[in-house]
$ cat final-v8.cif   # mmCIF, C-alpha atoms
data_query
#
loop_
_atom_site.label_atom_id
_atom_site.label_comp_id
_atom_site.auth_asym_id
_atom_site.auth_seq_id
_atom_site.Cartn_x
_atom_site.Cartn_y
_atom_site.Cartn_z
CA MET V 12 -1.94 12.47 -16.90
CA ASP V 13 -1.14 8.96 -18.11
CA GLU V 14 -3.08 6.09 -16.62
CA SER V 15 -1.17 4.14 -13.99
CA HIS V 16 -0.63 0.39 -13.98
CA PRO V 17 -3.54 -1.57 -12.41
CA LEU V 18 -1.40 -2.55 -9.40
CA VAL V 19 -0.63 1.12 -8.74
CA GLU V 20 -4.31 2.02 -9.17
CA LEU V 21 -5.18 -0.73 -6.66
CA ALA V 22 -2.64 0.67 -4.18
CA ARG V 23 -3.95 4.23 -4.69
CA ARG V 24 -7.59 3.19 -4.25
CA THR V 25 -6.60 1.22 -1.13
CA ILE V 26 -4.82 4.21 0.41
CA GLU V 27 -7.57 6.68 -0.47
CA THR V 28 -10.30 4.44 0.94
CA TYR V 29 -8.39 3.63 4.11
CA VAL V 30 -7.42 7.24 4.82
CA SER V 31 -10.90 8.60 3.98
CA ASP V 32 -13.17 5.87 5.37
CA GLY V 33 -10.96 3.82 7.70
CA ARG V 34 -11.73 0.58 5.88
CA GLN V 35 -9.66 -1.81 3.82
CA ILE V 36 -10.95 -2.57 0.32
CA GLU V 37 -11.48 -6.06 -1.04
CA PRO V 38 -9.51 -7.29 -4.08
CA PRO V 39 -11.28 -6.96 -7.43
CA GLN V 40 -13.67 -9.85 -8.19
CA ASP V 41 -12.13 -10.90 -11.51
CA LEU V 42 -8.42 -10.75 -10.93
CA PRO V 43 -6.24 -10.58 -14.03
CA PRO V 44 -3.64 -13.38 -14.18
CA GLU V 45 -0.88 -10.99 -13.06
CA MET V 46 -2.71 -10.29 -9.78
CA ARG V 47 -3.43 -13.98 -9.07
CA GLN V 48 0.24 -14.89 -8.61
CA ARG V 49 1.92 -14.97 -5.22
CA ALA V 50 4.91 -12.67 -4.78
CA GLY V 51 6.51 -10.34 -2.31
CA ALA V 52 5.71 -6.71 -3.05
CA PHE V 53 6.60 -3.24 -1.83
CA VAL V 54 4.41 -0.16 -1.98
CA THR V 55 6.42 3.07 -1.98
CA ILE V 56 4.82 6.47 -1.48
CA HIS V 57 6.50 9.77 -2.33
CA GLN V 58 5.15 13.26 -1.79
CA GLY V 59 6.87 16.21 -3.43
CA GLY V 60 9.77 13.99 -4.42
CA ARG V 61 10.40 12.88 -0.83
CA LEU V 62 9.80 9.44 0.63
CA ARG V 63 6.53 9.36 2.61
CA GLY V 64 6.18 5.61 3.25
CA CYS V 65 7.52 2.28 2.06
CA ILE V 66 6.47 -1.12 3.37
CA GLY V 67 6.58 -4.50 1.76
CA THR V 68 7.10 -8.20 2.03
CA ILE V 69 10.19 -10.11 0.95
CA GLU V 70 8.16 -13.28 0.47
CA PRO V 71 4.41 -13.48 -0.11
CA VAL V 72 2.18 -13.68 2.95
CA CYS V 73 -1.18 -13.37 1.16
CA ASP V 74 -3.05 -15.66 -1.21
CA ASN V 75 -2.41 -13.45 -4.25
CA LEU V 76 -0.62 -10.30 -5.38
CA ALA V 77 -3.75 -8.14 -5.18
CA GLU V 78 -4.13 -8.94 -1.47
CA GLU V 79 -0.38 -8.39 -0.95
CA VAL V 80 -0.57 -4.91 -2.52
CA ILE V 81 -3.68 -3.98 -0.51
CA ARG V 82 -2.05 -5.08 2.75
CA ASN V 83 1.23 -3.30 2.03
CA ALA V 84 -0.45 -0.12 0.74
CA VAL V 85 -2.30 0.31 4.06
CA SER V 86 0.92 -0.36 5.98
CA ALA V 87 2.99 2.06 3.85
CA ALA V 88 0.39 4.81 4.29
CA MET V 89 -0.41 4.30 7.96
CA ARG V 90 2.24 2.16 9.71
CA ASP V 91 5.68 3.07 8.40
CA PRO V 92 7.41 3.90 11.71
CA ARG V 93 9.53 6.60 10.06
CA PHE V 94 6.51 8.75 9.19
CA SER V 95 3.20 9.93 10.60
CA PRO V 96 0.10 8.37 8.99
CA ILE V 97 -0.99 9.93 5.73
CA ARG V 98 -3.77 12.48 6.11
CA ARG V 99 -6.74 13.08 3.84
CA ASP V 100 -5.37 16.46 2.69
CA GLU V 101 -2.23 14.72 1.35
CA LEU V 102 -4.01 12.20 -0.91
CA ALA V 103 -3.96 14.29 -4.11
CA ASP V 104 -0.18 14.81 -3.91
CA LEU V 105 0.99 11.21 -3.57
CA ASP V 106 3.21 9.43 -6.08
CA ILE V 107 2.82 5.67 -5.65
CA LYS V 108 5.00 2.83 -6.95
CA VAL V 109 4.57 -0.92 -6.63
CA ASP V 110 7.57 -3.23 -6.83
CA VAL V 111 6.86 -6.92 -7.36
CA LEU V 112 9.82 -9.00 -6.23
CA GLY V 113 11.26 -11.89 -8.16
CA ARG V 114 12.57 -14.95 -6.36
CA PRO V 115 15.74 -14.21 -4.33
CA GLU V 116 18.86 -16.08 -5.41
CA LEU V 117 21.97 -16.61 -3.30
CA VAL V 118 25.05 -14.79 -4.59
CA ASP V 119 28.63 -15.87 -4.02
CA SER V 120 30.26 -12.46 -4.19
CA PRO V 121 29.56 -8.76 -4.69
CA ALA V 122 30.67 -9.25 -8.31
CA ASP V 123 27.24 -10.86 -8.89
CA LEU V 124 25.43 -7.66 -7.86
CA ASP V 125 24.28 -4.59 -9.77
CA PRO V 126 22.47 -1.88 -7.74
CA VAL V 127 20.45 -0.76 -10.75
CA ARG V 128 19.28 -4.18 -11.89
CA TYR V 129 19.08 -6.16 -8.63
CA GLY V 130 17.69 -5.55 -5.19
CA LEU V 131 19.67 -6.99 -2.30
CA ILE V 132 18.87 -8.97 0.83
CA VAL V 133 21.59 -9.29 3.45
CA GLN V 134 21.14 -11.77 6.29
CA SER V 135 23.39 -12.65 9.23
CA VAL V 136 24.51 -16.27 9.20
CA SER V 137 24.54 -16.59 13.00
CA GLN V 138 21.51 -14.35 13.70
CA PRO V 139 19.10 -14.89 10.78
CA TRP V 140 16.54 -12.46 12.21
CA LYS V 141 19.05 -9.74 11.27
CA ARG V 142 17.90 -9.39 7.69
CA GLY V 143 17.48 -6.33 5.52
CA LEU V 144 16.31 -5.58 2.01
CA LEU V 145 17.13 -2.74 -0.35
CA LEU V 146 15.20 -2.28 -3.57
CA PRO V 147 17.17 -1.72 -6.80
CA ASP V 148 17.67 1.50 -8.71
CA LEU V 149 17.47 3.93 -5.79
CA ALA V 150 18.83 7.48 -5.86
CA GLY V 151 22.22 7.71 -4.18
CA ILE V 152 22.88 3.95 -4.31
CA ASP V 153 24.99 3.83 -7.45
CA THR V 154 27.72 1.34 -6.57
CA VAL V 155 27.73 -2.23 -5.29
CA GLU V 156 29.76 -1.07 -2.28
CA LYS V 157 27.08 1.46 -1.27
CA GLN V 158 24.32 -1.07 -1.87
CA VAL V 159 25.98 -3.70 0.36
CA GLU V 160 26.92 -1.20 3.08
CA TRP V 161 23.46 0.42 3.20
CA THR V 162 21.63 -2.92 3.22
CA ARG V 163 23.95 -4.49 5.78
CA GLU V 164 24.14 -1.58 8.25
CA HIS V 165 20.96 0.43 7.83
CA LYS V 166 18.46 -2.25 6.81
CA ALA V 167 19.73 -5.40 8.55
CA GLY V 168 21.39 -3.64 11.50
CA ILE V 169 24.63 -5.58 11.05
CA THR V 170 27.33 -3.17 12.18
CA ASP V 171 30.18 -5.61 12.80
CA PRO V 172 32.10 -5.74 9.49
CA ASN V 173 33.41 -9.21 10.40
CA GLU V 174 29.98 -10.77 10.97
CA PRO V 175 29.41 -13.44 8.30
CA VAL V 176 26.43 -12.77 6.05
CA GLU V 177 24.57 -14.32 3.17
CA MET V 178 23.52 -12.12 0.27
CA PHE V 179 20.62 -12.68 -2.07
CA ARG V 180 19.82 -10.70 -5.19
CA PHE V 181 16.43 -10.33 -6.79
CA GLU V 182 14.89 -8.52 -9.72
CA VAL V 183 11.75 -6.43 -9.50
CA HIS V 184 9.00 -5.37 -11.82
CA ARG V 185 8.44 -1.71 -10.92
CA TYR V 186 5.07 -0.19 -11.71
CA THR V 187 4.28 3.52 -11.61
#

$ encode --input "final-v8.cif" --output "structure tokens"
Amino acid sequence: MDESHPLVELARRTIETYVSDGRQIEPPQDLPPEMRQRAGAFVTIHQGGRLRGCIGTIEPVCDNLAEEVIRNAVSAAMRDPRFSPIRRDELADLDIKVDVLGRPELVDSPADLDPVRYGLIVQSVSQPWKRGLLLPDLAGIDTVEKQVEWTREHKAGITDPNEPVEMFRFEVHRYT
């Protein structure tokens, strides 16, 4: 098996330690420059090709990317409300990805979007707490129309098609 990216290895070690010992690991002592930056990040867990957990941050909340990945790895494994917490007997079968988010940029129209290249944030103008994010390059989301609809309705909970929204696109660096 090929060696995973260091961010993925950090997420895996975090999940394994938390599930096995109930404790959160500390970031490595000598962080490489890539892990010192501040950025939003998502940790996505699949098992047998099916989603098993995905939690992340749109904007950074920790001092560095290593801490962000550790925090989100524990949440994806244990606190994703769609799934039961990961059990010890599942650890060997997990496929883990880490997406590091680039800075969101406001878009003027759907013509500025591409569901393979860009993730999408949709936010209500009048109710800014109604905000949802969809990562790029997801199975089944192959058109801009699907990307906007899914993000708007399923992620942000904006069901009124006439409700004004702002849209932001962002790129990700995906690590496996």

$ residues_around --input "final-v8.cif" --residues "segment 174-180 of chain V" --least-positions-apart "3" --cutoff "8 Å" --atoms "only C-alpha atoms" --output "list in words"
Pro115, Glu116, Leu117, Val118, Asp119, Leu124, Tyr129, Gly130, Leu131, Ile132, Val133, Gln134, Ser135, Val136, Ser137, Ile169 and Asp171 of chain V

$ closest_residue --input "final-v8.cif" --among "V:Arg98, V:Arg142, V:His16, V:Arg47" --to "Gly33 of chain V" --atoms "all atoms listed in the file"
V:Arg98

$ resolve_selection --input "final-v8.cif" --expression "the PyMOL selection byres ((chain V and resi 46) around 9)" --output "ChimeraX atom specification"
/V:18,42-45,47-49,75-78

$ atom_distance --input "final-v8.cif" --atom1 "atom CA of Lys108 of chain V" --atom2 "atom CA of Asn83 of chain V"
11.5 Å

$ residues_around --input "final-v8.cif" --residues "Ser31 of chain V" --least-positions-apart "3" --cutoff "10 Å" --atoms "all atoms listed in the file" --output "ChimeraX atom specification"
/V:25-28,34,98-100,102

$ resolve_selection --input "final-v8.cif" --expression "the PyMOL selection byres ((chain V and resi 97) around 10)" --output "PyMOL selection string"
chain V and resi 26-27+29-30+56+63-64+85+87-91+94-96+98-102+105

$ closest_residue --input "final-v8.cif" --among "V:Gly113, V:Pro172, V:Glu156, V:Pro39" --to "Ile69 of chain V" --atoms "all atoms listed in the file"
V:Gly113

$ atom_distance --input "final-v8.cif" --atom1 "atom CA of Glu182 of chain V" --atom2 "atom CA of Glu14 of chain V"
24.2 Å

$ closest_residue --input "final-v8.cif" --among "V:Thr170, V:Thr154, V:Asp104, V:Glu164" --to "Arg61 of chain V" --atoms "only C-alpha atoms"
V:Asp104

$ closest_residue --input "final-v8.cif" --among "V:Asp125, V:Asp74, V:Asp153, V:Glu160" --to "Phe181 of chain V" --atoms "all atoms listed in the file"
V:Asp125

$ residues_around --input "final-v8.cif" --residues "Ala52 of chain V" --least-positions-apart "4" --cutoff "6 Å" --atoms "only C-alpha atoms" --output "compact mmCIF listing (two decimals) with C-alpha atoms, in the coordinates of the input"
# COMPACT_ATOMS: atom_id res chain seq x y z
CA GLY V 67 6.58 -4.50 1.76
CA THR V 68 7.10 -8.20 2.03
CA ASP V 110 7.57 -3.23 -6.83
CA VAL V 111 6.86 -6.92 -7.36
CA LEU V 112 9.82 -9.00 -6.23

$ closest_residue --input "final-v8.cif" --among "V:Val109, V:Arg114, V:Arg163, V:Cys65" --to "Arg93 of chain V" --atoms "all atoms listed in the file"
V:Cys65

$ axis_aligned_box --input "final-v8.cif" --around "segment 91-104 of chain V" --padding-each-side "6 Å" --output "AutoDock Vina command-line options"
--center_x 1.4 --center_y 9.8 --center_z 3.8 --size_x 28.3 --size_y 25.4 --size_z 27.8

$ atom_distance --input "final-v8.cif" --atom1 "atom CA of Arg24 of chain V" --atom2 "atom CA of Arg128 of chain V"
28.9 Å

$ closest_residue --input "final-v8.cif" --among "V:Gln138, V:Thr55, V:Ser120, V:Ser15" --to "Ser86 of chain V" --atoms "all atoms listed in the file"
V:Thr55

$ resolve_selection --input "final-v8.cif" --expression "the PyMOL selection byres ((chain V and resi 148) around 6)" --output "ChimeraX atom specification"
/V:126-127,147,149

$ build_atoms --input "final-v8.cif" --residues "segment 156-176 of chain V" --atoms "N, CA, C and O atoms" --output "PDB file, in the frame of the given file"
ATOM      1  N   GLU V 156      29.263  -1.310  -3.639  1.00  0.00           N
ATOM      2  CA  GLU V 156      29.760  -1.070  -2.280  1.00  0.00           C
ATOM      3  C   GLU V 156      28.721  -0.328  -1.438  1.00  0.00           C
ATOM      4  O   GLU V 156      28.474  -0.693  -0.288  1.00  0.00           O
ATOM      5  N   LYS V 157      28.124   0.715  -2.003  1.00  0.00           N
ATOM      6  CA  LYS V 157      27.080   1.460  -1.270  1.00  0.00           C
ATOM      7  C   LYS V 157      25.868   0.588  -1.017  1.00  0.00           C
ATOM      8  O   LYS V 157      25.261   0.648   0.051  1.00  0.00           O
ATOM      9  N   GLN V 158      25.489  -0.206  -2.012  1.00  0.00           N
ATOM     10  CA  GLN V 158      24.320  -1.070  -1.870  1.00  0.00           C
ATOM     11  C   GLN V 158      24.527  -2.074  -0.734  1.00  0.00           C
ATOM     12  O   GLN V 158      23.648  -2.255   0.112  1.00  0.00           O
ATOM     13  N   VAL V 159      25.692  -2.712  -0.687  1.00  0.00           N
ATOM     14  CA  VAL V 159      25.980  -3.700   0.360  1.00  0.00           C
ATOM     15  C   VAL V 159      26.057  -3.013   1.715  1.00  0.00           C
ATOM     16  O   VAL V 159      25.439  -3.476   2.692  1.00  0.00           O
ATOM     17  N   GLU V 160      26.772  -1.901   1.807  1.00  0.00           N
ATOM     18  CA  GLU V 160      26.920  -1.200   3.080  1.00  0.00           C
ATOM     19  C   GLU V 160      25.565  -0.735   3.611  1.00  0.00           C
ATOM     20  O   GLU V 160      25.237  -0.937   4.782  1.00  0.00           O
ATOM     21  N   TRP V 161      24.768  -0.113   2.758  1.00  0.00           N
ATOM     22  CA  TRP V 161      23.460   0.420   3.200  1.00  0.00           C
ATOM     23  C   TRP V 161      22.553  -0.720   3.646  1.00  0.00           C
ATOM     24  O   TRP V 161      21.892  -0.627   4.683  1.00  0.00           O
ATOM     25  N   THR V 162      22.503  -1.799   2.879  1.00  0.00           N
ATOM     26  CA  THR V 162      21.630  -2.920   3.220  1.00  0.00           C
ATOM     27  C   THR V 162      22.096  -3.581   4.512  1.00  0.00           C
ATOM     28  O   THR V 162      21.285  -3.870   5.402  1.00  0.00           O
ATOM     29  N   ARG V 163      23.366  -3.807   4.613  1.00  0.00           N
ATOM     30  CA  ARG V 163      23.950  -4.490   5.780  1.00  0.00           C
ATOM     31  C   ARG V 163      23.750  -3.671   7.054  1.00  0.00           C
ATOM     32  O   ARG V 163      23.218  -4.174   8.037  1.00  0.00           O
ATOM     33  N   GLU V 164      24.152  -2.398   7.031  1.00  0.00           N
ATOM     34  CA  GLU V 164      24.140  -1.580   8.250  1.00  0.00           C
ATOM     35  C   GLU V 164      22.781  -0.982   8.561  1.00  0.00           C
ATOM     36  O   GLU V 164      22.305  -1.074   9.688  1.00  0.00           O
ATOM     37  N   HIS V 165      22.170  -0.345   7.568  1.00  0.00           N
ATOM     38  CA  HIS V 165      20.960   0.430   7.830  1.00  0.00           C
ATOM     39  C   HIS V 165      19.679  -0.407   7.759  1.00  0.00           C
ATOM     40  O   HIS V 165      18.699  -0.084   8.420  1.00  0.00           O
ATOM     41  N   LYS V 166      19.679  -1.440   6.948  1.00  0.00           N
ATOM     42  CA  LYS V 166      18.460  -2.250   6.810  1.00  0.00           C
ATOM     43  C   LYS V 166      18.497  -3.488   7.704  1.00  0.00           C
ATOM     44  O   LYS V 166      17.509  -3.831   8.334  1.00  0.00           O
ATOM     45  N   ALA V 167      19.635  -4.182   7.744  1.00  0.00           N
ATOM     46  CA  ALA V 167      19.730  -5.400   8.550  1.00  0.00           C
ATOM     47  C   ALA V 167      20.270  -5.129   9.958  1.00  0.00           C
ATOM     48  O   ALA V 167      20.167  -5.988  10.826  1.00  0.00           O
ATOM     49  N   GLY V 168      20.856  -3.956  10.175  1.00  0.00           N
ATOM     50  CA  GLY V 168      21.390  -3.640  11.500  1.00  0.00           C
ATOM     51  C   GLY V 168      22.646  -4.418  11.849  1.00  0.00           C
ATOM     52  O   GLY V 168      22.949  -4.646  13.013  1.00  0.00           O
ATOM     53  N   ILE V 169      23.401  -4.827  10.839  1.00  0.00           N
ATOM     54  CA  ILE V 169      24.630  -5.580  11.050  1.00  0.00           C
ATOM     55  C   ILE V 169      25.795  -4.591  10.980  1.00  0.00           C
ATOM     56  O   ILE V 169      26.204  -4.182   9.897  1.00  0.00           O
ATOM     57  N   THR V 170      26.299  -4.207  12.138  1.00  0.00           N
ATOM     58  CA  THR V 170      27.330  -3.170  12.180  1.00  0.00           C
ATOM     59  C   THR V 170      28.743  -3.728  12.306  1.00  0.00           C
ATOM     60  O   THR V 170      29.702  -3.023  12.038  1.00  0.00           O
ATOM     61  N   ASP V 171      28.858  -4.986  12.700  1.00  0.00           N
ATOM     62  CA  ASP V 171      30.180  -5.610  12.800  1.00  0.00           C
ATOM     63  C   ASP V 171      30.620  -6.024  11.395  1.00  0.00           C
ATOM     64  O   ASP V 171      30.022  -6.916  10.784  1.00  0.00           O
ATOM     65  N   PRO V 172      31.686  -5.407  10.855  1.00  0.00           N
ATOM     66  CA  PRO V 172      32.100  -5.740   9.490  1.00  0.00           C
ATOM     67  C   PRO V 172      32.612  -7.175   9.338  1.00  0.00           C
ATOM     68  O   PRO V 172      32.712  -7.679   8.221  1.00  0.00           O
ATOM     69  N   ASN V 173      32.912  -7.837  10.456  1.00  0.00           N
ATOM     70  CA  ASN V 173      33.410  -9.210  10.400  1.00  0.00           C
ATOM     71  C   ASN V 173      32.308 -10.256  10.556  1.00  0.00           C
ATOM     72  O   ASN V 173      32.584 -11.457  10.477  1.00  0.00           O
ATOM     73  N   GLU V 174      31.077  -9.813  10.812  1.00  0.00           N
ATOM     74  CA  GLU V 174      29.980 -10.770  10.970  1.00  0.00           C
ATOM     75  C   GLU V 174      29.667 -11.423   9.623  1.00  0.00           C
ATOM     76  O   GLU V 174      29.415 -10.741   8.635  1.00  0.00           O
ATOM     77  N   PRO V 175      29.696 -12.760   9.560  1.00  0.00           N
ATOM     78  CA  PRO V 175      29.410 -13.440   8.300  1.00  0.00           C
ATOM     79  C   PRO V 175      27.941 -13.238   7.878  1.00  0.00           C
ATOM     80  O   PRO V 175      27.035 -13.311   8.708  1.00  0.00           O
ATOM     81  N   VAL V 176      27.772 -12.989   6.597  1.00  0.00           N
ATOM     82  CA  VAL V 176      26.430 -12.770   6.050  1.00  0.00           C
ATOM     83  C   VAL V 176      26.234 -13.585   4.784  1.00  0.00           C
ATOM     84  O   VAL V 176      27.189 -14.001   4.137  1.00  0.00           O
TER      85      VAL V 176
END
